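input-v2.txt (compact mmCIF, N, CA and C atoms)
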```txt
# COMPACT_ATOMS: atom_id res chain seq x y z
N MET A 1 97.21 81.42 68.71
CA MET A 1 96.51 80.42 67.94
C MET A 1 95.31 81.07 67.25
N THR A 2 94.75 80.38 66.32
CA THR A 2 93.59 80.89 65.59
C THR A 2 92.32 80.69 66.42
N ASP A 3 91.18 81.08 65.84
CA ASP A 3 89.90 80.92 66.53
C ASP A 3 89.55 79.46 66.75
N THR A 4 90.00 78.58 65.87
CA THR A 4 89.73 77.16 66.06
C THR A 4 90.92 76.53 66.75
N LYS A 5 90.61 75.64 67.68
CA LYS A 5 91.68 74.98 68.42
C LYS A 5 92.36 73.95 67.54
N PRO A 6 93.68 73.90 67.59
CA PRO A 6 94.36 72.82 66.88
C PRO A 6 94.13 71.50 67.61
N ALA A 7 94.15 70.42 66.85
CA ALA A 7 94.00 69.08 67.41
C ALA A 7 95.31 68.32 67.19
N VAL A 8 95.81 67.71 68.26
CA VAL A 8 97.06 66.96 68.20
C VAL A 8 96.77 65.52 68.58
N LEU A 9 97.27 64.61 67.76
CA LEU A 9 97.13 63.17 67.99
C LEU A 9 98.51 62.58 68.21
N PHE A 10 98.70 61.93 69.37
CA PHE A 10 99.95 61.24 69.68
C PHE A 10 99.72 59.74 69.45
N VAL A 11 100.64 59.12 68.69
CA VAL A 11 100.46 57.71 68.33
C VAL A 11 101.73 56.93 68.64
N CYS A 12 101.56 55.82 69.35
CA CYS A 12 102.64 54.84 69.50
C CYS A 12 102.02 53.46 69.35
N VAL A 13 102.79 52.43 69.48
CA VAL A 13 102.27 51.09 69.21
C VAL A 13 101.19 50.70 70.21
N HIS A 14 101.51 50.75 71.51
CA HIS A 14 100.60 50.23 72.52
C HIS A 14 99.73 51.29 73.19
N ASN A 15 100.02 52.57 72.95
CA ASN A 15 99.25 53.67 73.55
C ASN A 15 99.16 53.49 75.07
N ALA A 16 100.27 53.03 75.65
CA ALA A 16 100.29 52.75 77.08
C ALA A 16 101.36 53.54 77.82
N GLY A 17 102.28 54.17 77.09
CA GLY A 17 103.39 54.87 77.74
C GLY A 17 103.69 56.21 77.11
N ARG A 18 104.51 56.19 76.06
CA ARG A 18 104.98 57.44 75.45
C ARG A 18 103.85 58.35 75.00
N SER A 19 102.91 57.83 74.22
CA SER A 19 101.84 58.67 73.69
C SER A 19 100.93 59.17 74.81
N GLN A 20 100.72 58.36 75.82
CA GLN A 20 99.90 58.79 76.95
C GLN A 20 100.60 59.86 77.78
N MET A 21 101.92 59.73 77.96
CA MET A 21 102.66 60.76 78.68
C MET A 21 102.64 62.07 77.90
N ALA A 22 102.82 61.98 76.58
CA ALA A 22 102.80 63.18 75.74
C ALA A 22 101.44 63.86 75.81
N ALA A 23 100.38 63.08 75.74
CA ALA A 23 99.03 63.65 75.83
C ALA A 23 98.83 64.30 77.19
N GLY A 24 99.30 63.66 78.24
CA GLY A 24 99.19 64.23 79.58
C GLY A 24 99.92 65.55 79.71
N TRP A 25 101.14 65.60 79.15
CA TRP A 25 101.91 66.86 79.19
C TRP A 25 101.20 67.96 78.41
N LEU A 26 100.71 67.64 77.22
CA LEU A 26 100.08 68.69 76.41
C LEU A 26 98.80 69.19 77.07
N ARG A 27 98.01 68.31 77.61
CA ARG A 27 96.80 68.75 78.33
C ARG A 27 97.18 69.65 79.51
N HIS A 28 98.22 69.26 80.23
CA HIS A 28 98.67 70.03 81.40
C HIS A 28 99.19 71.41 80.99
N LEU A 29 100.00 71.46 79.95
CA LEU A 29 100.65 72.70 79.55
C LEU A 29 99.75 73.62 78.73
N ALA A 30 98.85 73.05 77.95
CA ALA A 30 98.02 73.86 77.04
C ALA A 30 96.63 74.15 77.59
N GLY A 31 96.22 73.38 78.58
CA GLY A 31 94.85 73.55 79.08
C GLY A 31 93.86 73.26 77.98
N ASP A 32 92.88 74.16 77.81
CA ASP A 32 91.85 73.92 76.79
C ASP A 32 92.16 74.59 75.46
N ARG A 33 93.40 75.03 75.27
CA ARG A 33 93.78 75.69 74.01
C ARG A 33 94.02 74.71 72.86
N VAL A 34 94.17 73.43 73.19
CA VAL A 34 94.47 72.41 72.19
C VAL A 34 93.61 71.18 72.49
N ASP A 35 93.05 70.57 71.45
CA ASP A 35 92.38 69.28 71.60
C ASP A 35 93.45 68.20 71.51
N VAL A 36 93.48 67.32 72.49
CA VAL A 36 94.54 66.33 72.60
C VAL A 36 93.95 64.93 72.54
N PHE A 37 94.56 64.08 71.71
CA PHE A 37 94.14 62.69 71.56
C PHE A 37 95.37 61.80 71.52
N SER A 38 95.19 60.53 71.85
CA SER A 38 96.27 59.56 71.68
C SER A 38 95.66 58.23 71.28
N ALA A 39 96.47 57.43 70.60
CA ALA A 39 96.00 56.13 70.12
C ALA A 39 97.21 55.24 69.86
N GLY A 40 96.92 53.96 69.63
CA GLY A 40 97.98 53.01 69.35
C GLY A 40 97.62 52.11 68.19
N SER A 41 98.63 51.70 67.45
CA SER A 41 98.40 50.79 66.33
C SER A 41 98.04 49.39 66.83
N GLU A 42 98.54 49.01 68.00
CA GLU A 42 98.21 47.75 68.66
C GLU A 42 98.04 48.02 70.14
N PRO A 43 96.93 48.67 70.54
CA PRO A 43 96.80 49.12 71.93
C PRO A 43 96.87 48.00 72.95
N ALA A 44 97.52 48.33 74.06
CA ALA A 44 97.60 47.40 75.19
C ALA A 44 96.26 47.38 75.91
N ASP A 45 96.14 46.50 76.89
CA ASP A 45 94.89 46.43 77.65
C ASP A 45 94.86 47.44 78.81
N ARG A 46 96.02 48.03 79.15
CA ARG A 46 96.07 49.03 80.22
C ARG A 46 97.32 49.89 80.07
N LEU A 47 97.33 51.00 80.78
CA LEU A 47 98.50 51.88 80.75
C LEU A 47 99.67 51.24 81.48
N ASN A 48 100.86 51.65 81.10
CA ASN A 48 102.07 51.23 81.78
C ASN A 48 102.06 51.88 83.17
N PRO A 49 102.00 51.08 84.24
CA PRO A 49 101.91 51.67 85.58
C PRO A 49 103.12 52.53 85.96
N ILE A 50 104.28 52.23 85.39
CA ILE A 50 105.47 53.03 85.68
C ILE A 50 105.36 54.40 85.00
N ALA A 51 104.79 54.46 83.80
CA ALA A 51 104.55 55.74 83.14
C ALA A 51 103.56 56.57 83.95
N VAL A 52 102.54 55.92 84.49
CA VAL A 52 101.56 56.60 85.33
C VAL A 52 102.25 57.19 86.56
N ARG A 53 103.11 56.40 87.20
CA ARG A 53 103.85 56.88 88.38
C ARG A 53 104.77 58.04 88.04
N ALA A 54 105.47 57.92 86.91
CA ALA A 54 106.40 58.98 86.51
C ALA A 54 105.66 60.30 86.29
N MET A 55 104.50 60.24 85.68
CA MET A 55 103.72 61.46 85.46
C MET A 55 103.15 61.99 86.77
N ALA A 56 102.73 61.09 87.66
CA ALA A 56 102.19 61.50 88.96
C ALA A 56 103.24 62.28 89.75
N GLU A 57 104.51 61.92 89.59
CA GLU A 57 105.58 62.67 90.26
C GLU A 57 105.59 64.14 89.84
N GLN A 58 105.07 64.42 88.66
CA GLN A 58 105.02 65.79 88.15
C GLN A 58 103.64 66.43 88.38
N GLY A 59 102.80 65.74 89.12
CA GLY A 59 101.47 66.27 89.42
C GLY A 59 100.46 66.09 88.30
N ILE A 60 100.75 65.17 87.37
CA ILE A 60 99.85 64.93 86.23
C ILE A 60 99.29 63.52 86.35
N ASP A 61 97.96 63.43 86.43
CA ASP A 61 97.28 62.16 86.60
C ASP A 61 96.80 61.64 85.25
N ILE A 62 97.44 60.58 84.77
CA ILE A 62 96.99 59.94 83.52
C ILE A 62 96.38 58.57 83.81
N ALA A 63 96.19 58.25 85.09
CA ALA A 63 95.73 56.92 85.48
C ALA A 63 94.38 56.56 84.88
N GLY A 64 93.53 57.53 84.63
CA GLY A 64 92.21 57.24 84.09
C GLY A 64 92.16 57.05 82.60
N ALA A 65 93.27 57.28 81.93
CA ALA A 65 93.30 57.13 80.47
C ALA A 65 93.29 55.64 80.11
N GLU A 66 92.77 55.36 78.94
CA GLU A 66 92.75 53.97 78.45
C GLU A 66 93.35 53.91 77.06
N PRO A 67 94.17 52.90 76.79
CA PRO A 67 94.70 52.74 75.44
C PRO A 67 93.56 52.64 74.43
N ALA A 68 93.72 53.33 73.30
CA ALA A 68 92.69 53.36 72.25
C ALA A 68 93.31 52.93 70.93
N VAL A 69 92.50 52.34 70.09
CA VAL A 69 92.98 51.90 68.78
C VAL A 69 93.06 53.10 67.83
N LEU A 70 94.10 53.13 67.04
CA LEU A 70 94.28 54.17 66.03
C LEU A 70 93.28 53.96 64.90
N THR A 71 92.55 55.02 64.58
CA THR A 71 91.59 54.95 63.48
C THR A 71 91.93 55.98 62.42
N THR A 72 91.48 55.73 61.23
CA THR A 72 91.67 56.69 60.14
C THR A 72 91.00 58.00 60.47
N ASP A 73 89.82 57.95 61.09
CA ASP A 73 89.10 59.17 61.46
C ASP A 73 89.90 60.01 62.45
N ALA A 74 90.57 59.37 63.41
CA ALA A 74 91.38 60.11 64.38
C ALA A 74 92.47 60.90 63.67
N VAL A 75 93.12 60.27 62.71
CA VAL A 75 94.17 60.96 61.96
C VAL A 75 93.57 62.08 61.12
N ARG A 76 92.44 61.81 60.51
CA ARG A 76 91.78 62.80 59.65
C ARG A 76 91.41 64.06 60.45
N GLN A 77 91.00 63.91 61.71
CA GLN A 77 90.57 65.03 62.53
C GLN A 77 91.72 65.82 63.13
N ALA A 78 92.90 65.26 63.14
CA ALA A 78 94.05 65.93 63.76
C ALA A 78 94.70 66.92 62.81
N ASP A 79 95.19 68.01 63.37
CA ASP A 79 96.01 68.96 62.61
C ASP A 79 97.47 68.53 62.64
N VAL A 80 97.89 67.98 63.79
CA VAL A 80 99.26 67.51 63.97
C VAL A 80 99.20 66.06 64.45
N VAL A 81 99.97 65.20 63.79
CA VAL A 81 100.07 63.79 64.19
C VAL A 81 101.52 63.53 64.59
N VAL A 82 101.70 63.15 65.84
CA VAL A 82 103.03 62.85 66.36
C VAL A 82 103.13 61.35 66.55
N THR A 83 104.03 60.73 65.79
CA THR A 83 104.22 59.28 65.91
C THR A 83 105.46 59.00 66.75
N MET A 84 105.40 57.87 67.43
CA MET A 84 106.50 57.46 68.31
C MET A 84 106.74 55.98 68.12
N GLY A 85 107.30 55.63 66.99
CA GLY A 85 107.65 54.24 66.76
C GLY A 85 106.53 53.37 66.24
N CYS A 86 105.48 53.96 65.64
CA CYS A 86 104.41 53.12 65.12
C CYS A 86 104.63 52.73 63.67
N GLY A 87 105.71 53.20 63.09
CA GLY A 87 106.07 52.79 61.74
C GLY A 87 105.03 53.13 60.70
N ASP A 88 104.77 52.20 59.81
CA ASP A 88 103.85 52.42 58.69
C ASP A 88 102.39 52.24 59.08
N ALA A 89 102.10 51.98 60.36
CA ALA A 89 100.71 51.74 60.77
C ALA A 89 99.88 53.01 60.76
N CYS A 90 100.52 54.16 60.74
CA CYS A 90 99.79 55.43 60.81
C CYS A 90 99.45 55.91 59.40
N PRO A 91 98.16 56.09 59.11
CA PRO A 91 97.78 56.57 57.78
C PRO A 91 98.24 58.02 57.57
N VAL A 92 98.58 58.34 56.34
CA VAL A 92 99.07 59.67 56.01
C VAL A 92 98.06 60.37 55.13
N PHE A 93 97.69 61.58 55.52
CA PHE A 93 96.75 62.39 54.76
C PHE A 93 97.43 63.68 54.34
N PRO A 94 97.20 64.14 53.13
CA PRO A 94 97.77 65.41 52.68
C PRO A 94 97.26 66.55 53.56
N GLY A 95 98.12 67.52 53.78
CA GLY A 95 97.73 68.70 54.53
C GLY A 95 97.89 68.57 56.03
N LYS A 96 98.26 67.42 56.51
CA LYS A 96 98.50 67.22 57.93
C LYS A 96 99.96 67.46 58.24
N ARG A 97 100.22 67.92 59.43
CA ARG A 97 101.60 68.06 59.89
C ARG A 97 101.96 66.79 60.65
N TYR A 98 103.06 66.17 60.25
CA TYR A 98 103.51 64.94 60.90
C TYR A 98 104.88 65.17 61.53
N GLU A 99 105.04 64.64 62.73
CA GLU A 99 106.33 64.62 63.40
C GLU A 99 106.55 63.20 63.89
N ASP A 100 107.78 62.73 63.78
CA ASP A 100 108.12 61.41 64.32
C ASP A 100 109.15 61.63 65.42
N TRP A 101 108.79 61.28 66.63
CA TRP A 101 109.68 61.44 67.77
C TRP A 101 110.32 60.10 68.10
N ALA A 102 111.64 60.03 67.96
CA ALA A 102 112.38 58.83 68.33
C ALA A 102 112.61 58.86 69.84
N LEU A 103 111.81 58.08 70.56
CA LEU A 103 111.87 58.05 72.02
C LEU A 103 112.04 56.61 72.49
N THR A 104 112.73 56.45 73.59
CA THR A 104 112.86 55.14 74.21
C THR A 104 111.49 54.67 74.66
N ASP A 105 111.16 53.41 74.38
CA ASP A 105 109.90 52.83 74.84
C ASP A 105 110.06 52.50 76.32
N PRO A 106 109.19 53.07 77.18
CA PRO A 106 109.34 52.82 78.62
C PRO A 106 108.84 51.44 79.07
N ALA A 107 108.27 50.66 78.18
CA ALA A 107 107.75 49.34 78.55
C ALA A 107 108.84 48.49 79.20
N GLY A 108 108.54 48.00 80.39
CA GLY A 108 109.46 47.11 81.09
C GLY A 108 110.61 47.80 81.79
N LEU A 109 110.71 49.13 81.69
CA LEU A 109 111.81 49.84 82.34
C LEU A 109 111.43 50.25 83.76
N PRO A 110 112.44 50.34 84.65
CA PRO A 110 112.16 50.82 86.00
C PRO A 110 111.94 52.34 85.98
N LEU A 111 111.35 52.84 87.05
CA LEU A 111 111.03 54.26 87.16
C LEU A 111 112.23 55.16 86.90
N GLU A 112 113.41 54.76 87.38
CA GLU A 112 114.61 55.58 87.19
C GLU A 112 114.94 55.78 85.71
N GLN A 113 114.58 54.82 84.86
CA GLN A 113 114.86 54.93 83.44
C GLN A 113 113.69 55.54 82.67
N VAL A 114 112.52 55.59 83.28
CA VAL A 114 111.36 56.20 82.64
C VAL A 114 111.37 57.72 82.85
N ARG A 115 111.92 58.17 83.97
CA ARG A 115 111.96 59.62 84.23
C ARG A 115 112.62 60.42 83.11
N PRO A 116 113.78 60.00 82.60
CA PRO A 116 114.38 60.78 81.50
C PRO A 116 113.52 60.78 80.24
N VAL A 117 112.80 59.69 79.97
CA VAL A 117 111.88 59.64 78.83
C VAL A 117 110.76 60.66 79.05
N ARG A 118 110.19 60.64 80.24
CA ARG A 118 109.14 61.60 80.60
C ARG A 118 109.62 63.04 80.40
N ASP A 119 110.84 63.32 80.85
CA ASP A 119 111.37 64.68 80.76
C ASP A 119 111.66 65.07 79.32
N GLU A 120 112.14 64.12 78.50
CA GLU A 120 112.36 64.41 77.08
C GLU A 120 111.03 64.69 76.39
N ILE A 121 110.01 63.92 76.74
CA ILE A 121 108.69 64.15 76.16
C ILE A 121 108.20 65.55 76.53
N ARG A 122 108.40 65.97 77.77
CA ARG A 122 107.96 67.31 78.16
C ARG A 122 108.62 68.37 77.28
N GLY A 123 109.92 68.26 77.07
CA GLY A 123 110.63 69.23 76.23
C GLY A 123 110.09 69.26 74.81
N ARG A 124 109.81 68.10 74.27
CA ARG A 124 109.26 68.04 72.91
C ARG A 124 107.85 68.61 72.85
N VAL A 125 107.06 68.35 73.87
CA VAL A 125 105.70 68.88 73.92
C VAL A 125 105.74 70.41 74.07
N GLU A 126 106.65 70.92 74.87
CA GLU A 126 106.78 72.37 75.00
C GLU A 126 107.12 73.01 73.66
N ALA A 127 108.04 72.40 72.92
CA ALA A 127 108.40 72.94 71.60
C ALA A 127 107.22 72.84 70.64
N LEU A 128 106.49 71.75 70.68
CA LEU A 128 105.31 71.59 69.84
C LEU A 128 104.28 72.66 70.17
N LEU A 129 104.02 72.87 71.42
CA LEU A 129 103.04 73.88 71.85
C LEU A 129 103.47 75.27 71.40
N ALA A 130 104.75 75.58 71.53
CA ALA A 130 105.25 76.88 71.08
C ALA A 130 105.04 77.06 69.58
N SER A 131 105.17 75.98 68.83
CA SER A 131 104.98 76.07 67.37
C SER A 131 103.52 76.26 66.99
N LEU A 132 102.62 75.88 67.90
CA LEU A 132 101.18 76.05 67.64
C LEU A 132 100.70 77.45 67.99
N ASP A 133 101.41 78.10 68.90
CA ASP A 133 101.02 79.46 69.33
C ASP A 133 101.30 80.48 68.25
```
As structure tokens - that is how I would like this structure written.
Amino acid sequence: MTDTKPAVLFVCVHNAGRSQMAAGWLRHLAGDRVDVFSAGSEPADRLNPIAVRAMAEQGIDIAGAEPAVLTTDAVRQADVVVTMGCGDACPVFPGKRYEDWALTDPAGLPLEQVRPVRDEIRGRVEALLASLD
């Protein structure tokens, strides 16, 4: 990576599951090499407890995270914006790298069905991190 750390913003609708798991994975895998943020176009009032449990199984604690509202400034500050089903709610700025990850929304799913989503997110985050190196 360059002298300046890249900033990655993960965005989904409620910022309670997919984007929080992705942020947790990137923080875990990249350490302090990447600035990591997440937000939602319509943030929930709390994280999905099943997503929190699924990540805890991997030794990653996201329980202290809180859903945040997506702002234009957050997108402006990011080098990479990864959307996960937020549609047209995410502002687009020239010069930014955008990726749209089609992932199952873990909302309302049991842990057995959230684990594969968690694992798919890990694979995508690993590929993203490799592309930043």
- Query: Separation of atom C of Leu109 (chain A) and CA of Met21 (chain A), in Å?
  - Reply: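 Computed distance, atom C of Leu109 (chain A) to CA of Met21 (chain A), equals 14.6 Å.
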- Mind checking DSSP for chain A and telling me the strand (DSSP E) residues as a ChimeraX atom specification? /A:7-12,35-40,80-84,97-100
- Which residue, A:Gly31, A:Pro49, A:Pro116, A:Pro6, has the smallest gap to Leu103 (chain A) when you use only C-alpha atoms?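 Of the candidates, the smallest distance to Leu103 (chain A) is held by A:Pro116.
The spacing separating CA of Gly17 (chain A) from atom N of Asn48 (chain A) amounts to 5.3 Å.
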- Message: If I take atom C of Val80 (chain A) and atom N of Lys96 (chain A), how far is one from the other in Å, to one decimal?
- Response: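 Distance between the two atoms: 8.1 Å.
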- Give me the residues within 6 Å of Asp35 (chain A) as a list in words, counting only N, CA and C atoms and dropping any in the same chain fewer than 5 places off.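 What passes the distance filter is Lys5, Pro6, Ala7 and Val8 of chain A.
Near Val69 (chain A), within 12 Å and counting only C-alpha atoms, sit Phe10, Val11, Cys12, Val13, His14, Asn15, Ala16, Phe37, Ser38, Ala39, Gly40, Ser41, Glu42, Pro43, Ala44, Asp45, Val75, Ala89 and Cys90 of chain A, not including residues fewer than 6 positions from it in the same chain.
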- Query: Out of A:Ala51, A:Ala22, A:Val34, A:Thr83, which residue has the shortest atom-to-atom distance to Ala63 (chain A) when counting only N, CA and C atoms?
  - Reply: A:Ala51
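Minimum atom-to-atom distances from A:Trp25, A:Ala68, A:Asp79, A:Arg18 to Arg122 (chain A) were compared using all atoms listed in the file, and the lowest value belongs to A:Trp25.
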- Looking at all atoms listed in the file, which of A:Met55, A:Gly95, A:Asp61, A:Thr4 is the one that sits closest to Arg33 (chain A)? A:Thr4
Can you sort out the box for region 122-131 of chain A, edges along x, y and z, all listed atoms in, 6 Å on every side, with centre and edge lengths in Å to one decimal, as lines of an AutoDock Vina configuration file?
```
center_x = 106.8
center_y = 71.5
center_z = 72.6
size_x = 19.6
size_y = 23.1
size_z = 23.2
```
- Message: Let's see if you can do this: from backbone DSSP, list all alpha helix (DSSP H) residues in chain A, as a ChimeraX atom specification.
- Response: /A:18-30,49-56,72-77,111-132
- Write out as a ChimeraX atom specification the residues lying within 9 Å of Arg76 (chain A), counting only C-alpha atoms and excluding same-chain residues fewer than 2 positions away. /A:71-74,78-79,91-93,96
- Please return, as a list in words, all polymer residues that have at least one atom within 5 Å of the point (109.3, 62.0, 84.3); use only N, CA and C atoms and the file's own coordinate frame. Ala54, Val114, Arg115, Arg118 and Asp119 of chain A
